[in-house]
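Asks: Input structure: my_file_0.cif, which contains mmCIF, C-alpha atoms.
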data_run
#
loop_
_atom_site.label_atom_id
_atom_site.label_comp_id
_atom_site.auth_asym_id
_atom_site.auth_seq_id
_atom_site.Cartn_x
_atom_site.Cartn_y
_atom_site.Cartn_z
CA MET A 1 -39.96 -48.52 -36.00
CA SER A 2 -36.43 -47.31 -36.81
CA GLU A 3 -38.07 -44.31 -38.46
CA LEU A 4 -39.79 -43.40 -35.18
CA VAL A 5 -36.55 -43.88 -33.22
CA GLU A 6 -34.73 -41.52 -35.55
CA ILE A 7 -37.56 -38.95 -35.39
CA SER A 8 -37.62 -39.21 -31.58
CA LEU A 9 -33.88 -38.68 -31.31
CA ARG A 10 -34.11 -35.64 -33.59
CA SER A 11 -36.97 -34.27 -31.48
CA ILE A 12 -34.95 -34.68 -28.29
CA TYR A 13 -31.93 -33.01 -29.93
CA VAL A 14 -33.88 -30.03 -31.33
CA ASN A 15 -36.05 -29.44 -28.26
CA CYS A 16 -33.28 -29.87 -25.69
CA LEU A 17 -30.72 -27.78 -27.55
CA ALA A 18 -33.23 -24.98 -28.21
CA THR A 19 -34.30 -24.94 -24.54
CA LEU A 20 -30.68 -25.04 -23.38
CA ILE A 21 -29.63 -22.10 -25.59
CA ALA A 22 -32.76 -20.13 -24.70
CA SER A 23 -31.98 -20.75 -20.98
CA LEU A 24 -28.36 -19.70 -21.37
CA ILE A 25 -29.53 -16.41 -22.87
CA GLY A 26 -32.80 -15.92 -20.99
CA VAL A 27 -31.79 -16.61 -17.36
CA PRO A 28 -28.80 -14.18 -17.27
CA LEU A 29 -30.87 -11.62 -19.19
CA ALA A 30 -33.66 -11.83 -16.60
CA LEU A 31 -31.05 -11.57 -13.81
CA LEU A 32 -29.49 -8.51 -15.42
CA LEU A 33 -32.89 -6.87 -15.83
CA ASN A 34 -33.45 -7.37 -12.11
CA VAL A 35 -30.06 -6.45 -10.73
CA ALA A 36 -28.79 -3.76 -13.09
CA ARG A 37 -32.28 -2.23 -13.49
CA PRO A 38 -31.59 -0.53 -16.83
CA ARG A 39 -33.74 2.47 -17.75
CA PHE A 40 -35.50 0.53 -20.53
CA ARG A 41 -36.25 -2.46 -18.25
CA ASP A 42 -40.04 -2.03 -18.05
CA GLY A 43 -40.31 -1.64 -21.82
CA LEU A 44 -38.17 -4.71 -22.43
CA VAL A 45 -40.14 -6.81 -19.96
CA LEU A 46 -43.38 -5.68 -21.62
CA ILE A 47 -42.04 -6.74 -25.02
CA PHE A 48 -41.07 -10.20 -23.70
CA GLN A 49 -44.43 -10.54 -21.94
CA THR A 50 -46.17 -9.80 -25.23
CA LEU A 51 -43.99 -12.30 -27.09
CA VAL A 52 -44.94 -15.10 -24.65
CA GLY A 53 -48.25 -15.37 -26.46
CA ILE A 54 -46.86 -15.13 -29.99
CA PRO A 55 -48.33 -17.81 -32.30
CA PRO A 56 -45.49 -20.20 -33.30
CA VAL A 57 -46.71 -20.16 -36.90
CA LEU A 58 -45.98 -16.43 -36.98
CA VAL A 59 -42.40 -17.10 -35.80
CA GLY A 60 -42.14 -19.74 -38.53
CA LEU A 61 -43.54 -17.38 -41.16
CA VAL A 62 -41.16 -14.52 -40.24
CA LEU A 63 -38.16 -16.88 -40.29
CA TRP A 64 -39.31 -18.38 -43.58
CA LEU A 65 -39.61 -14.91 -45.17
CA LEU A 66 -36.13 -13.98 -43.88
CA LEU A 67 -34.48 -17.23 -44.98
CA SER A 68 -36.26 -18.04 -48.25
CA ARG A 69 -34.21 -17.63 -51.41
CA SER A 70 -35.63 -14.15 -52.09
CA GLY A 71 -35.36 -13.11 -48.42
CA PRO A 72 -32.58 -10.94 -46.93
CA LEU A 73 -30.89 -13.95 -45.30
CA GLY A 74 -31.55 -16.40 -48.14
CA GLY A 75 -27.85 -16.75 -48.83
CA LEU A 76 -27.35 -18.62 -45.55
CA ASN A 77 -29.19 -21.67 -46.95
CA LEU A 78 -30.66 -22.49 -43.56
CA LEU A 79 -34.21 -23.17 -44.57
CA TYR A 80 -35.34 -26.81 -44.11
CA THR A 81 -32.51 -27.63 -41.71
CA THR A 82 -32.56 -28.57 -38.03
CA THR A 83 -30.53 -25.41 -37.31
CA VAL A 84 -33.38 -23.11 -38.28
CA MET A 85 -35.83 -25.32 -36.38
CA ILE A 86 -33.70 -24.77 -33.28
CA VAL A 87 -33.61 -21.02 -33.94
CA ALA A 88 -37.40 -20.94 -34.25
CA GLN A 89 -37.80 -22.82 -30.98
CA ILE A 90 -35.31 -20.53 -29.21
CA LEU A 91 -37.43 -17.55 -30.30
CA ILE A 92 -40.50 -19.25 -28.86
CA ALA A 93 -38.82 -20.34 -25.59
CA LEU A 94 -36.86 -17.16 -24.85
CA PRO A 95 -39.78 -14.85 -23.92
CA ILE A 96 -41.20 -17.53 -21.61
CA ILE A 97 -37.90 -17.98 -19.79
CA VAL A 98 -37.16 -14.25 -19.49
CA THR A 99 -40.66 -13.34 -18.31
CA MET A 100 -41.01 -16.16 -15.78
CA CYS A 101 -37.47 -15.85 -14.41
CA HIS A 102 -37.80 -12.07 -14.13
CA SER A 103 -40.94 -12.54 -12.08
CA HIS A 104 -39.25 -15.13 -9.81
CA PHE A 105 -36.17 -12.95 -9.26
CA ALA A 106 -38.38 -9.95 -8.47
CA ARG A 107 -40.17 -12.05 -5.85
CA VAL A 108 -36.99 -12.75 -3.83
CA ASP A 109 -37.54 -11.15 -0.43
CA GLU A 110 -36.05 -7.64 -0.22
CA LYS A 111 -34.59 -8.64 3.17
CA ILE A 112 -32.62 -11.44 1.53
CA LYS A 113 -31.31 -9.02 -1.10
CA LEU A 114 -30.27 -6.63 1.66
CA LEU A 115 -28.61 -9.46 3.60
CA VAL A 116 -26.58 -10.69 0.64
CA ARG A 117 -25.32 -7.15 -0.04
CA THR A 118 -24.44 -6.42 3.58
CA LEU A 119 -22.46 -9.66 3.80
CA GLY A 120 -20.24 -8.35 1.03
CA ALA A 121 -21.51 -9.78 -2.26
CA ASP A 122 -20.35 -8.05 -5.43
CA LYS A 123 -22.73 -7.78 -8.40
CA LEU A 124 -21.87 -11.21 -9.78
CA GLN A 125 -22.10 -12.91 -6.38
CA PHE A 126 -25.40 -11.10 -5.79
CA MET A 127 -26.75 -12.54 -9.03
CA GLY A 128 -25.56 -16.01 -7.98
CA ALA A 129 -27.41 -15.65 -4.68
CA MET A 130 -30.61 -14.53 -6.44
CA MET A 131 -30.27 -17.50 -8.76
CA ARG A 132 -29.93 -19.92 -5.84
CA GLU A 133 -32.85 -18.37 -3.96
CA SER A 134 -35.06 -18.72 -7.06
CA LEU A 135 -33.74 -22.05 -8.30
CA SER A 136 -37.09 -23.88 -8.28
CA GLY A 137 -38.72 -20.94 -10.07
CA VAL A 138 -35.98 -20.85 -12.72
CA LEU A 139 -36.34 -24.60 -13.25
CA SER A 140 -40.08 -24.28 -13.60
CA ALA A 141 -39.58 -21.51 -16.21
CA ILE A 142 -37.20 -23.73 -18.19
CA LEU A 143 -39.59 -26.68 -17.97
CA THR A 144 -42.51 -24.56 -19.14
CA ALA A 145 -40.42 -23.39 -22.10
CA PHE A 146 -39.41 -26.98 -22.85
CA GLY A 147 -43.05 -28.04 -22.73
CA ARG A 148 -43.96 -25.29 -25.17
CA VAL A 149 -41.25 -26.14 -27.72
CA ALA A 150 -41.72 -29.91 -27.37
CA GLY A 151 -45.38 -29.61 -28.29
CA GLU A 152 -44.84 -26.97 -30.94
CA VAL A 153 -45.68 -27.85 -34.53
CA GLY A 154 -46.44 -24.70 -36.57
CA ALA A 155 -43.01 -23.08 -36.71
CA VAL A 156 -40.97 -26.26 -37.20
CA MET A 157 -43.35 -27.37 -39.92
CA ILE A 158 -42.90 -24.11 -41.87
CA VAL A 159 -39.12 -23.69 -41.49
CA GLY A 160 -38.22 -27.40 -41.29
CA GLY A 161 -40.53 -28.69 -44.00
CA ASN A 162 -41.15 -32.07 -42.26
CA ILE A 163 -38.58 -33.82 -44.49
CA LEU A 164 -38.12 -37.51 -43.66
CA GLY A 165 -34.62 -38.28 -42.44
CA LYS A 166 -33.75 -34.60 -42.19
CA THR A 167 -36.18 -32.35 -40.37
CA ARG A 168 -39.09 -34.53 -39.33
CA VAL A 169 -39.78 -34.43 -35.57
CA LEU A 170 -42.43 -36.09 -33.41
CA THR A 171 -45.01 -33.27 -33.62
CA THR A 172 -44.77 -32.85 -37.37
CA SER A 173 -44.85 -36.63 -37.85
CA ILE A 174 -48.07 -36.83 -35.79
CA VAL A 175 -49.66 -34.31 -38.18
CA LEU A 176 -48.47 -36.32 -41.19
CA TYR A 177 -49.55 -39.73 -39.80
CA THR A 178 -52.98 -38.33 -38.91
CA ASN A 179 -53.46 -36.77 -42.35
CA THR A 180 -52.52 -40.06 -44.02
CA GLY A 181 -54.69 -42.20 -41.75
CA GLN A 182 -51.81 -43.92 -39.90
CA PHE A 183 -53.43 -43.43 -36.52
CA GLU A 184 -51.48 -46.15 -34.67
CA LYS A 185 -48.18 -44.52 -35.59
CA ALA A 186 -49.57 -41.08 -34.67
CA ILE A 187 -50.62 -42.32 -31.23
CA LEU A 188 -47.28 -44.05 -30.68
CA ALA A 189 -45.43 -40.81 -31.58
CA GLY A 190 -47.69 -38.96 -29.14
CA ILE A 191 -46.87 -41.45 -26.36
CA ILE A 192 -43.13 -41.07 -27.03
CA LEU A 193 -43.52 -37.28 -26.89
CA LEU A 194 -45.30 -37.54 -23.54
CA PHE A 195 -42.64 -39.94 -22.25
CA ILE A 196 -39.86 -37.47 -23.18
CA ALA A 197 -41.69 -34.63 -21.45
CA PHE A 198 -42.24 -36.84 -18.37
CA THR A 199 -38.56 -37.84 -18.21
CA VAL A 200 -37.34 -34.23 -18.50
CA ASN A 201 -39.81 -33.07 -15.83
CA LEU A 202 -38.89 -35.92 -13.49
CA THR A 203 -35.16 -35.22 -13.84
CA ALA A 204 -35.67 -31.51 -13.18
CA THR A 205 -37.88 -32.18 -10.15
CA LEU A 206 -35.34 -34.59 -8.66
CA PHE A 207 -32.56 -32.05 -9.27
CA SER A 208 -34.60 -29.27 -7.66
CA LYS A 209 -35.40 -31.41 -4.60
CA ARG A 210 -31.76 -32.45 -4.23
CA SER A 211 -30.51 -28.87 -4.41
CA GLU A 212 -33.04 -27.74 -1.79
CA ARG A 213 -32.21 -30.58 0.61
CA MET B 1 -9.09 6.87 13.47
CA ASN B 2 -12.51 8.19 12.49
CA ILE B 3 -14.89 5.38 11.53
CA TYR B 4 -17.59 7.69 10.24
CA SER B 5 -17.55 11.38 9.49
CA VAL B 6 -20.89 12.51 8.13
CA GLU B 7 -22.31 15.97 7.48
CA GLN B 8 -25.80 16.87 6.30
CA LEU B 9 -26.89 13.40 5.34
CA ARG B 10 -30.42 13.30 3.95
CA PHE B 11 -32.46 10.27 2.97
CA SER B 12 -36.10 9.98 2.08
CA TYR B 13 -38.42 7.09 1.21
CA ASP B 14 -40.59 8.51 -1.60
CA GLY B 15 -40.56 11.93 0.07
CA LYS B 16 -42.71 10.66 2.97
CA PHE B 17 -40.11 10.19 5.68
CA THR B 18 -36.94 12.22 5.83
CA LEU B 19 -33.79 11.33 7.67
CA PHE B 20 -31.55 14.29 8.33
CA ILE B 21 -28.22 14.03 10.09
CA GLU B 22 -26.57 17.41 10.58
CA LYS B 23 -23.30 15.96 11.85
CA PHE B 24 -22.21 12.51 12.97
CA GLU B 25 -18.65 11.66 13.91
CA MET B 26 -17.63 8.29 15.24
CA GLY B 27 -14.19 7.40 16.48
CA GLU B 28 -15.29 5.22 19.37
CA SER B 29 -15.48 1.46 19.38
CA CYS B 30 -19.08 1.35 20.57
CA VAL B 31 -21.90 3.83 20.06
CA GLY B 32 -25.53 3.43 21.10
CA LEU B 33 -28.60 4.76 19.38
CA VAL B 34 -31.96 5.16 21.08
CA GLY B 35 -35.27 6.63 20.04
CA PRO B 36 -38.94 5.82 19.62
CA SER B 37 -40.18 3.39 16.96
CA GLY B 38 -40.30 4.97 13.53
CA SER B 39 -37.81 7.69 14.45
CA GLY B 40 -35.37 6.60 11.72
CA LYS B 41 -32.82 4.51 13.65
CA THR B 42 -32.90 1.60 11.19
CA THR B 43 -32.84 3.99 8.22
CA LEU B 44 -29.72 5.61 9.65
CA LEU B 45 -28.07 2.20 10.14
CA LEU B 46 -28.91 1.20 6.56
CA ASN B 47 -27.34 4.44 5.30
CA LEU B 48 -24.24 3.85 7.43
CA ALA B 49 -24.08 0.26 6.12
CA LEU B 50 -24.03 1.76 2.60
CA LEU B 51 -27.18 -0.19 1.77
CA LEU B 52 -29.29 2.93 1.22
CA LYS B 53 -27.95 5.91 -0.60
CA GLY B 54 -29.03 9.38 0.41
CA THR B 55 -27.44 12.74 -0.36
CA TRP B 56 -24.76 14.37 1.76
CA LYS B 57 -22.33 17.22 2.06
CA LYS B 58 -19.69 14.90 3.48
CA PHE B 59 -19.72 11.14 4.00
CA GLN B 60 -16.45 9.53 4.98
CA PHE B 61 -16.15 5.89 6.03
CA LEU B 62 -12.79 4.78 7.42
CA GLU B 63 -11.46 8.19 6.37
CA GLU B 64 -12.35 7.62 2.73
CA ASP B 65 -14.97 9.64 0.86
CA VAL B 66 -17.90 7.44 -0.07
CA THR B 67 -18.65 7.64 -3.79
CA GLU B 68 -20.68 5.65 -6.30
CA THR B 69 -17.54 3.86 -7.47
CA ASN B 70 -16.09 2.75 -4.12
CA MET B 71 -19.39 1.98 -2.36
CA GLU B 72 -19.33 -1.76 -3.16
CA ARG B 73 -15.75 -2.11 -1.93
CA LEU B 74 -16.39 -0.14 1.28
CA ARG B 75 -19.59 -2.08 1.93
CA ARG B 76 -17.49 -5.21 2.42
CA ARG B 77 -16.00 -3.65 5.59
CA VAL B 78 -19.27 -2.99 7.36
CA THR B 79 -22.25 -5.21 8.03
CA TYR B 80 -25.78 -4.72 9.28
CA VAL B 81 -27.62 -7.23 11.47
CA ALA B 82 -31.38 -6.80 11.22
CA GLN B 83 -33.71 -6.80 14.20
CA HIS B 84 -35.48 -9.98 13.07
CA PRO B 85 -33.33 -12.95 12.02
CA ILE B 86 -32.85 -13.37 8.28
CA LEU B 87 -31.25 -16.65 7.21
CA LEU B 88 -30.65 -18.10 3.78
CA ARG B 89 -32.30 -21.45 2.99
CA ARG B 90 -29.14 -23.33 3.92
CA THR B 91 -27.73 -24.99 7.03
CA VAL B 92 -26.50 -22.88 9.94
CA PHE B 93 -22.93 -23.81 8.96
CA GLU B 94 -23.47 -22.61 5.37
CA ASN B 95 -25.15 -19.43 6.61
CA ILE B 96 -22.24 -18.55 8.87
CA ALA B 97 -19.72 -19.54 6.20
CA TYR B 98 -21.46 -17.46 3.51
CA PRO B 99 -19.59 -14.12 4.01
CA LEU B 100 -16.29 -16.02 4.08
CA LEU B 101 -17.24 -17.81 0.87
CA LEU B 102 -17.97 -14.43 -0.74
CA ARG B 103 -14.43 -13.38 0.23
CA ARG B 104 -12.98 -16.51 -1.39
CA ILE B 105 -11.38 -17.80 1.80
CA SER B 106 -10.06 -21.36 1.68
CA LYS B 107 -12.26 -24.27 2.80
CA GLU B 108 -10.02 -25.21 5.72
CA LYS B 109 -9.99 -21.66 7.07
CA ILE B 110 -13.75 -21.38 6.64
CA THR B 111 -14.32 -24.56 8.67
CA GLU B 112 -11.89 -23.38 11.32
CA ARG B 113 -13.45 -19.91 11.66
CA VAL B 114 -17.05 -21.12 11.57
CA GLU B 115 -16.35 -23.69 14.30
CA MET B 116 -14.61 -21.06 16.39
CA ILE B 117 -17.47 -18.55 16.14
CA ALA B 118 -20.06 -21.32 16.61
CA GLN B 119 -18.31 -22.19 19.86
CA LEU B 120 -18.52 -18.56 21.02
CA PHE B 121 -22.23 -18.29 20.19
CA ASP B 122 -23.05 -21.76 21.52
CA LEU B 123 -24.14 -22.98 18.08
CA LYS B 124 -21.88 -26.04 17.79
CA ASP B 125 -24.75 -28.54 17.99
CA LEU B 126 -26.88 -26.60 15.53
CA LEU B 127 -24.48 -26.30 12.60
CA ASN B 128 -26.31 -28.89 10.48
CA LYS B 129 -29.79 -27.54 11.19
CA LYS B 130 -31.86 -25.63 8.65
CA PRO B 131 -33.33 -22.20 9.53
CA TRP B 132 -36.85 -23.60 10.02
CA GLN B 133 -35.54 -26.03 12.65
CA LEU B 134 -34.26 -23.18 14.88
CA SER B 135 -35.97 -21.19 17.63
CA GLY B 136 -36.08 -17.39 17.34
CA GLY B 137 -33.15 -17.01 19.74
CA GLN B 138 -31.03 -19.64 17.99
CA ALA B 139 -31.71 -18.00 14.60
CA LYS B 140 -30.72 -14.63 16.04
CA ARG B 141 -27.45 -16.07 17.40
CA ALA B 142 -26.74 -17.61 13.98
CA CYS B 143 -27.25 -14.18 12.36
CA LEU B 144 -24.93 -12.55 14.89
CA ALA B 145 -22.29 -15.26 14.39
CA ARG B 146 -22.47 -14.71 10.62
CA ALA B 147 -21.78 -10.99 11.13
CA PHE B 148 -18.83 -11.54 13.47
CA VAL B 149 -17.19 -14.41 11.57
CA PHE B 150 -15.59 -12.24 8.88
CA GLU B 151 -14.49 -9.56 11.36
CA PRO B 152 -15.69 -6.46 9.53
CA LYS B 153 -14.44 -3.07 10.67
CA VAL B 154 -17.93 -2.05 11.79
CA ILE B 155 -20.99 -4.06 12.82
CA LEU B 156 -24.35 -2.26 12.96
CA LEU B 157 -26.67 -4.07 15.33
CA ASP B 158 -30.38 -3.37 15.16
CA GLU B 159 -32.05 -4.40 18.44
CA PRO B 160 -29.59 -7.26 18.98
CA THR B 161 -31.16 -8.39 22.26
CA ALA B 162 -34.63 -8.88 20.79
CA ASP B 163 -35.43 -12.63 20.66
CA LEU B 164 -32.52 -13.42 23.04
CA ASP B 165 -32.92 -15.12 26.41
CA GLU B 166 -30.74 -14.29 29.43
CA LYS B 167 -28.03 -16.81 28.54
CA SER B 168 -27.82 -15.60 24.94
CA ARG B 169 -27.56 -12.00 26.14
CA ARG B 170 -24.57 -12.94 28.29
CA ILE B 171 -23.01 -14.64 25.27
CA LEU B 172 -23.57 -11.50 23.17
CA ASN B 173 -22.04 -9.28 25.87
CA ASP B 174 -18.97 -11.52 26.04
CA VAL B 175 -18.53 -11.58 22.25
CA LEU B 176 -18.93 -7.80 22.01
CA ARG B 177 -16.13 -7.39 24.57
CA ILE B 178 -13.87 -9.95 22.85
CA TYR B 179 -14.24 -8.27 19.45
CA SER B 180 -14.12 -4.66 20.68
CA ASP B 181 -10.37 -4.45 19.96
CA ARG B 182 -10.81 -5.05 16.22
CA THR B 183 -14.42 -4.15 15.43
CA SER B 184 -16.54 -1.06 16.16
CA PHE B 185 -20.25 -1.25 16.89
CA ILE B 186 -23.27 0.95 16.51
CA ILE B 187 -26.10 -0.57 18.50
CA VAL B 188 -29.75 0.38 18.28
CA SER B 189 -31.68 -0.64 21.36
CA HIS B 190 -34.50 0.42 23.63
CA GLU B 191 -32.50 -0.83 26.63
CA ILE B 192 -30.67 2.30 27.69
CA ASP B 193 -29.13 0.68 30.81
CA TRP B 194 -27.61 -2.08 28.72
CA LEU B 195 -26.29 0.45 26.18
CA SER B 196 -24.85 2.62 28.98
CA ASP B 197 -22.82 -0.34 30.25
CA LEU B 198 -21.49 -1.11 26.81
CA CYS B 199 -21.13 2.08 24.79
CA GLU B 200 -18.93 5.13 25.05
CA LYS B 201 -21.56 7.42 23.56
CA ILE B 202 -25.31 7.25 23.17
CA TYR B 203 -27.19 9.25 20.55
CA ALA B 204 -30.93 9.86 20.51
CA MET B 205 -33.06 10.02 17.40
CA ASN B 206 -36.42 11.62 16.92
CA ASP B 207 -38.46 12.17 13.74
CA GLY B 208 -35.52 11.33 11.52
CA VAL B 209 -33.19 13.79 13.24
CA LEU B 210 -30.18 12.85 15.34
CA LYS B 211 -30.89 15.07 18.30
CA GLY B 212 -28.98 14.55 21.46
CA MET B 213 -25.89 12.88 22.74
CA LYS B 214 -25.11 11.48 26.15
CA SER B 215 -21.59 10.57 27.03
#
Can you dump the structure from the file as C-alpha cells?
Replies:
Amino acid sequence: MSELVEISLRSIYVNCLATLIASLIGVPLALLLNVARPRFRDGLVLIFQTLVGIPPVLVGLVLWLLLSRSGPLGGLNLLYTTTVMIVAQILIALPIIVTMCHSHFARVDEKIKLLVRTLGADKLQFMGAMMRESLSGVLSAILTAFGRVAGEVGAVMIVGGNILGKTRVLTTSIVLYTNTGQFEKAILAGIILLFIAFTVNLTATLFSKRSER
Amino acid sequence: MNIYSVEQLRFSYDGKFTLFIEKFEMGESCVGLVGPSGSGKTTLLLNLALLLKGTWKKFQFLEEDVTETNMERLRRRVTYVAQHPILLRRTVFENIAYPLLLRRISKEKITERVEMIAQLFDLKDLLNKKPWQLSGGQAKRACLARAFVFEPKVILLDEPTADLDEKSRRILNDVLRIYSDRTSFIIVSHEIDWLSDLCEKIYAMNDGVLKGMKS
C-alpha cells in the first residue's frame, strides 16, 4: 500500500510540475503569436499543430538517444531520473497548450480587441485582457494537456526506466502489475489515476466558474 | 489648438474599399459627420482613433506627428465608441472602471469617478449588473460612460443616439455639453438636425471621400 502511495505522489509531482511548466511557457507563447503576429507565426503554429499528434514513445526515444551515455547530452546524467520524465512530459504537453490557446485567443471577438485598444491598453495590458476573455479556453487547454501527460506511459517508461522508489509512476506501474499478473494492484492504480484526474478537473472547473461569476 | 491635421490619408480593406481624405483639419470642440451607409464614416473614425493604420502625407494628432512609435501613447488620448454596445464580460462598474484601471489610477479615485459618471448617465442602480442583464439602451449608456470616465482629449462617437430612448438622449446631450470644455467630439449620425444643434461643423462623406462641409 505504501508503495502505491509513494508512486501516486510521484505521479502527481511529475504530471503537475510538467503541466505547470508547459503552461508557463505555452500560454505566453500562444499570446505572443496572437498579439505580436511575427512573420513566422503560421509556420510555427503548423509545427506545434503537427507535434500535438506526436507519439510519446518517439519523444522518449529522442530524449533517450540525446541523454544516453553515448549521446550528445550524456554527460548530464539525467537518464532514469524524474527530471527527464518531467522534460518528456513538457515536450508532450507544450504543443497541446500552444495550439489550443492560440485557437482560443484567435477566437476573441475582433470588437473586443478593438475596444481594449481604444480604451488605452498597452501591449501587456492587451495580452492580459485577451487572457481574461479566453480564461475558460486556456483552462481547458491546460486540462487537456494534463490529461495527456497523466495517462502517458511510453515516454516516461523509456526515459524513466520504471525504477521502484525512483521513477515509477502510476501508468508505468499499471503496465508492470499487468505484465506480472497483479491485476488487483493494476486496477487500484488505475482508480487512483482517475481520481487524480477528476480532482484536477473539478478544481479547474470550480476556479473557472468562480472567475466568470 | 489643432486636434487633427490630416492630409491625403488613404486606407483600404484588402484593396476593395478605399478611404481617401484630401484634407481634414479640426480645431473645434464638436464636429459632425454624415453620409450614407457604407460611405466610410466608421473607417474614418477608426483611422482617427489610431485603431486602423492607413498611409498619409501628413497626420498630426494634438499637434504631434503620428508615427509607428508614438501611436500607442497617442491612442490613450482618444477613444472610439462603436455604434452597437460592446461590453466586457464584467459588471457595469468594472466595465466603466476598466480604462481607469489601465491607467493605474488608485482604487478610491476609480470608485469616486465611476460613481460620478454613473450618476450622470443614470446608471447608479445598474453598477452591479452584468452586460446580459442590460437593455440595449442601458448597455449603450454604459459604453458612453466608460468613454467619458477617463476624460480623453477626443471622443469619437459612432451613431451615439442609436439604441437610446428620449430620456437617454437628453442625458447624452447634457453630458456632451458638460464635457465640451475639456473634450472634443467627432460624431457620426444620420440625424442632421441633432448634429446641427450640437456641432460647429458638419462634414459629409460619400464613397470613402470627405466631400463637403457645412458650417
Asks: The PyMOL selection byres ((chain B and resi 1) around 7) - which residues does that actually catch in the file I just gave you? List them as a ChimeraX atom specification.
Replies: /B:2-3,27
Asks: Compare B:Leu176, B:Leu134, B:Ala139, B:Leu101 by their minimum atom-to-atom distance to B:Leu164, counting all atoms listed in the file, and give me the closest one.
Replies: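 Among B:Leu176, B:Leu134, B:Ala139, B:Leu101, it is B:Ala139 that comes nearest to B:Leu164.
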Asks: Could I get the residues of chain B with an atom no further than 6 Å from an atom of chain A, each paired with its nearest atom pair and that distance in Å to one decimal, using only C-alpha atoms, sorted by chain and residue number, as JSON lines?
Replies:
{"residue": "B:Arg76", "atom": "CA", "partner": "A:Gly120", "partner_atom": "CA", "distance": 4.4}
{"residue": "B:Thr79", "atom": "CA", "partner": "A:Thr118", "partner_atom": "CA", "distance": 5.1}
{"residue": "B:Pro99", "atom": "CA", "partner": "A:Leu119", "partner_atom": "CA", "distance": 5.3}
Asks: Which residues, named as in the file, does the PyMOL selection byres ((chain A and resi 171) around 7) pick out? Answer as a CSV table (one decimal) with C-alpha atoms, keeping the file's coordinate frame.
Replies:
chain,number,residue,atom,x,y,z
A,151,GLY,CA,-45.4,-29.6,-28.3
A,152,GLU,CA,-44.8,-27.0,-30.9
A,153,VAL,CA,-45.7,-27.8,-34.5
A,169,VAL,CA,-39.8,-34.4,-35.6
A,170,LEU,CA,-42.4,-36.1,-33.4
A,172,THR,CA,-44.8,-32.8,-37.4
A,173,SER,CA,-44.8,-36.6,-37.8
A,174,ILE,CA,-48.1,-36.8,-35.8
A,175,VAL,CA,-49.7,-34.3,-38.2
Asks: B:Asp122, B:Glu22, B:Asp158, B:Glu63: which is nearest B:Thr42, counting only C-alpha atoms?
Replies: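 Counting only C-alpha atoms, the residue closest to B:Thr42 is B:Asp158.
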Asks: Expanded to explicit residues, what is the PyMOL selection byres ((chain A and resi 137) around 9) for this file, as a PDB file with C-alpha atoms, in the coordinates of the input?
Replies:
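Wrote it out as part_6.pdb, contents follow:
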ATOM      1  CA  MET A 100     -41.010 -16.160 -15.780  1.00  0.00           C
ATOM      2  CA  CYS A 101     -37.470 -15.850 -14.410  1.00  0.00           C
ATOM      3  CA  SER A 103     -40.940 -12.540 -12.080  1.00  0.00           C
ATOM      4  CA  HIS A 104     -39.250 -15.130  -9.810  1.00  0.00           C
ATOM      5  CA  PHE A 105     -36.170 -12.950  -9.260  1.00  0.00           C
ATOM      6  CA  GLU A 133     -32.850 -18.370  -3.960  1.00  0.00           C
ATOM      7  CA  SER A 134     -35.060 -18.720  -7.060  1.00  0.00           C
ATOM      8  CA  LEU A 135     -33.740 -22.050  -8.300  1.00  0.00           C
ATOM      9  CA  SER A 136     -37.090 -23.880  -8.280  1.00  0.00           C
ATOM     10  CA  VAL A 138     -35.980 -20.850 -12.720  1.00  0.00           C
ATOM     11  CA  LEU A 139     -36.340 -24.600 -13.250  1.00  0.00           C
ATOM     12  CA  SER A 140     -40.080 -24.280 -13.600  1.00  0.00           C
ATOM     13  CA  ALA A 141     -39.580 -21.510 -16.210  1.00  0.00           C
ATOM     14  CA  ILE A 142     -37.200 -23.730 -18.190  1.00  0.00           C
TER      15      ILE A 142
END
Asks: Kindly give the distance, in Å, that separates atom CA of A:Gly165 and atom CA of A:Glu6, rounded to a single decimal.
Replies: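 Computing it gives 7.6 Å between the two atoms.
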Asks: So the first atom is atom CA of A:Pro55 and the second is atom CA of A:Tyr80; what is the distance between them in Å, to one decimal place?
Replies: 19.7 Å
Asks: Please, what is the axis-aligned box for every listed atom of stretch 114-121 of chain A with 5 Å on each side, as centre and edge lengths in Å to one decimal, as lines of an AutoDock Vina configuration file?
Replies:
center_x = -25.3
center_y = -8.6
center_z = 0.8
size_x = 20.0
size_y = 14.3
size_z = 16.1
Asks: Would you mind reading off the distance between atom CA of B:Ser196 and atom CA of B:Val31, one decimal, in Å?
Replies: 9.5 Å
Asks: Give me the residues near B:Gln133 as a PyMOL selection string, where near means some atom within 12 Å (using only C-alpha atoms) and where sequence neighbours in that chain fewer than 6 positions away do not count.
Replies: chain B and resi 87+89-92+126-127+139
Asks: Grab the residues selected above and save them as a short mmCIF file (atom, residue, chain, number, x, y, z; two decimals), keeping the file's coordinate frame with C-alpha atoms.
Replies:
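Below is the file that was written, out_25.cif:
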data_model
loop_
_atom_site.label_atom_id
_atom_site.label_comp_id
_atom_site.auth_asym_id
_atom_site.auth_seq_id
_atom_site.Cartn_x
_atom_site.Cartn_y
_atom_site.Cartn_z
CA LEU B 87 -31.25 -16.65 7.21
CA ARG B 89 -32.30 -21.45 2.99
CA ARG B 90 -29.14 -23.33 3.92
CA THR B 91 -27.73 -24.99 7.03
CA VAL B 92 -26.50 -22.88 9.94
CA LEU B 126 -26.88 -26.60 15.53
CA LEU B 127 -24.48 -26.30 12.60
CA ALA B 139 -31.71 -18.00 14.60
#
Asks: Using all atoms listed in the file, which of the listed residues (A:Glu3, A:Thr83, A:His102, A:Arg10) sits closest to A:Val45?
Replies: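 Going through A:Glu3, A:Thr83, A:His102, A:Arg10 one by one, the smallest distance to A:Val45 is for A:His102.
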Asks: Can you tell me, as a ChimeraX atom specification, which residues sit within 7 Å of (-35.1, -31.0, -32.4) in the file's frame, using all atoms listed in the file?
Replies: /A:10-15,82,85-86,169
Asks: Name all residues at most 12 Å from A:Ala30 (count all atoms listed in the file; drop same-chain ones fewer than 3 positions away) and give them as a PyMOL selection string.
Replies: chain A and resi 22-27+33-38+41-42+44-45+48+94-106+127+130-131+134+138+141
Asks: For A:Asn77, work out the shell of residues within 10 Å, counting only C-alpha atoms and skipping chain neighbours fewer than 4 positions away, then give it as a list in words.
Replies: Leu67, Ser68, Arg69, Leu73, Thr81 and Val84 of chain A
